[in-house]
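Okay, so here's the structure we're looking at.
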Amino acid sequence: MAFVLGQDGKLYFNDGGTYASPTWTELTQIKDVTLNLTKETTDVTTRSAAGYREYADGLKDVNVSFKMLWDQAADGYDEILAAYENNTPIEILCVDGPEPPPSGSTIKGVRMTCMVSNFSRDETLGEAMWSDVELRPVANDDAAPAIYTKSTP
């Protein structure tokens, strides 16, 4: 049985590279990352369905949410905050292992250009300050959100 631990997942942002030649920088001061992949359904029920509802695939939705340590010196902190404040897109890669993958392995996840739709700060007494971050795709000239798979021989 093969499985991947949550702690082995990786979240990167494109730190100054282009879409064709990204410069991936890992966000390391984060926890509780959730990659949400959902799909709407469209009711296509007809009388021929023998009393059962039938559906067709609808629009897909993707977002990434995580907690980021409120650490202004951490890699990615300034870029994510600036993307929120200035309404500028940021490209991310959310995968189940390191990029590039180690020899003989494959990583899989999602690559998308997104907006920072949430950058809330949690100030729970007795705890470190954390920011709740949510990333959602935006229209852009490079590419729509896509499943990302990369293998190395």
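For the structure tokens, the naming scheme is as follows: chains receive sequential letters (A, B, ...) according to their order of presentation, residues are indexed from 1 within each chain, and ligands are indexed from 1 in presentation order.
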- Message: as a VMD selection string, please: the residues near Gly97 in chain A (cut-off 9 Å, only C-alpha atoms, same-chain neighbours under 5 positions excluded).
- Response: chain A and resid 4 8 to 10 102 106 to 109
Would you output that residue set with C-alpha atoms, as a compact mmCIF listing (two decimals), in the first residue's frame?
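Wrote it out as part13.txt, contents follow:
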```
# COMPACT_ATOMS: atom_id res chain seq x y z
CA VAL A 4 1.63 10.15 0.80
CA ASP A 8 5.12 15.72 2.22
CA GLY A 9 2.87 17.87 0.03
CA LYS A 10 4.37 21.01 -1.45
CA PRO A 102 13.16 12.65 -7.31
CA THR A 106 5.93 11.21 -10.25
CA ILE A 107 4.25 14.21 -8.65
CA LYS A 108 0.68 15.29 -9.23
CA GLY A 109 -1.41 18.30 -8.29
```
Original post:
Quick one: residues within 8 Å of range 111-123 of chain A, only C-alpha atoms counted, chain neighbours fewer than 5 positions away excluded, as a ChimeraX atom specification?
Top reply: /A:70,80-81,83-84,87-94,128-140,143-148
Can I get the selection written as a PDB file, in the first residue's frame, with C-alpha atoms?
```pdb
ATOM      1  CA  TRP A  70       2.483  35.567  10.206  1.00  0.00           C
ATOM      2  CA  ILE A  80       1.081  36.728  -1.216  1.00  0.00           C
ATOM      3  CA  LEU A  81       0.252  39.834   0.811  1.00  0.00           C
ATOM      4  CA  ALA A  83      -1.063  39.959  -4.489  1.00  0.00           C
ATOM      5  CA  TYR A  84      -3.944  40.461  -2.053  1.00  0.00           C
ATOM      6  CA  ASN A  87      -5.228  42.677  -6.835  1.00  0.00           C
ATOM      7  CA  THR A  88      -2.415  41.083  -8.826  1.00  0.00           C
ATOM      8  CA  PRO A  89      -2.331  37.418  -9.847  1.00  0.00           C
ATOM      9  CA  ILE A  90       0.161  34.922  -8.477  1.00  0.00           C
ATOM     10  CA  GLU A  91       0.957  31.567 -10.059  1.00  0.00           C
ATOM     11  CA  ILE A  92       1.008  28.546  -7.757  1.00  0.00           C
ATOM     12  CA  LEU A  93       1.778  24.851  -7.939  1.00  0.00           C
ATOM     13  CA  CYS A  94       0.144  22.581  -5.338  1.00  0.00           C
ATOM     14  CA  ALA A 128       1.245  32.171  17.083  1.00  0.00           C
ATOM     15  CA  MET A 129      -0.392  34.570  14.640  1.00  0.00           C
ATOM     16  CA  TRP A 130      -1.563  32.786  11.507  1.00  0.00           C
ATOM     17  CA  SER A 131      -3.064  34.062   8.302  1.00  0.00           C
ATOM     18  CA  ASP A 132      -5.893  32.085   6.691  1.00  0.00           C
ATOM     19  CA  VAL A 133      -5.179  32.270   2.967  1.00  0.00           C
ATOM     20  CA  GLU A 134      -7.396  31.254   0.069  1.00  0.00           C
ATOM     21  CA  LEU A 135      -6.348  31.217  -3.586  1.00  0.00           C
ATOM     22  CA  ARG A 136      -8.817  31.121  -6.497  1.00  0.00           C
ATOM     23  CA  PRO A 137      -8.131  31.009 -10.255  1.00  0.00           C
ATOM     24  CA  VAL A 138      -8.296  34.166 -12.367  1.00  0.00           C
ATOM     25  CA  ALA A 139      -8.565  34.760 -16.093  1.00  0.00           C
ATOM     26  CA  ASN A 140      -5.101  35.234 -17.565  1.00  0.00           C
ATOM     27  CA  ALA A 143      -3.410  29.035 -19.126  1.00  0.00           C
ATOM     28  CA  ALA A 144      -6.500  27.890 -17.300  1.00  0.00           C
ATOM     29  CA  PRO A 145      -6.063  25.881 -14.094  1.00  0.00           C
ATOM     30  CA  ALA A 146      -4.791  22.421 -14.939  1.00  0.00           C
ATOM     31  CA  ILE A 147      -3.939  19.111 -13.369  1.00  0.00           C
ATOM     32  CA  TYR A 148      -0.145  18.977 -13.180  1.00  0.00           C
TER      33      TYR A 148
END
```
Students should find that CA of Val64 in chain A and CA of Val33 in chain A are spaced 7.1 Å
Next on the checklist: Let's see if you can do this: from backbone DSSP, list all strand (DSSP E) residues in chain A, as number ranges by chain.
Outcome noted: A: 10-14, 24-26, 30-43, 55-69, 90-95, 106-122, 130-137, 146-151
The residue from A:Leu5, A:Val44, A:Leu11, A:Leu69 with the smallest atom-to-atom distance to Thr25 in chain A, counting only C-alpha atoms, is A:Leu11
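CA of Thr149 in chain A sits 24.8 Å away from CA of Lys67 in chain A.
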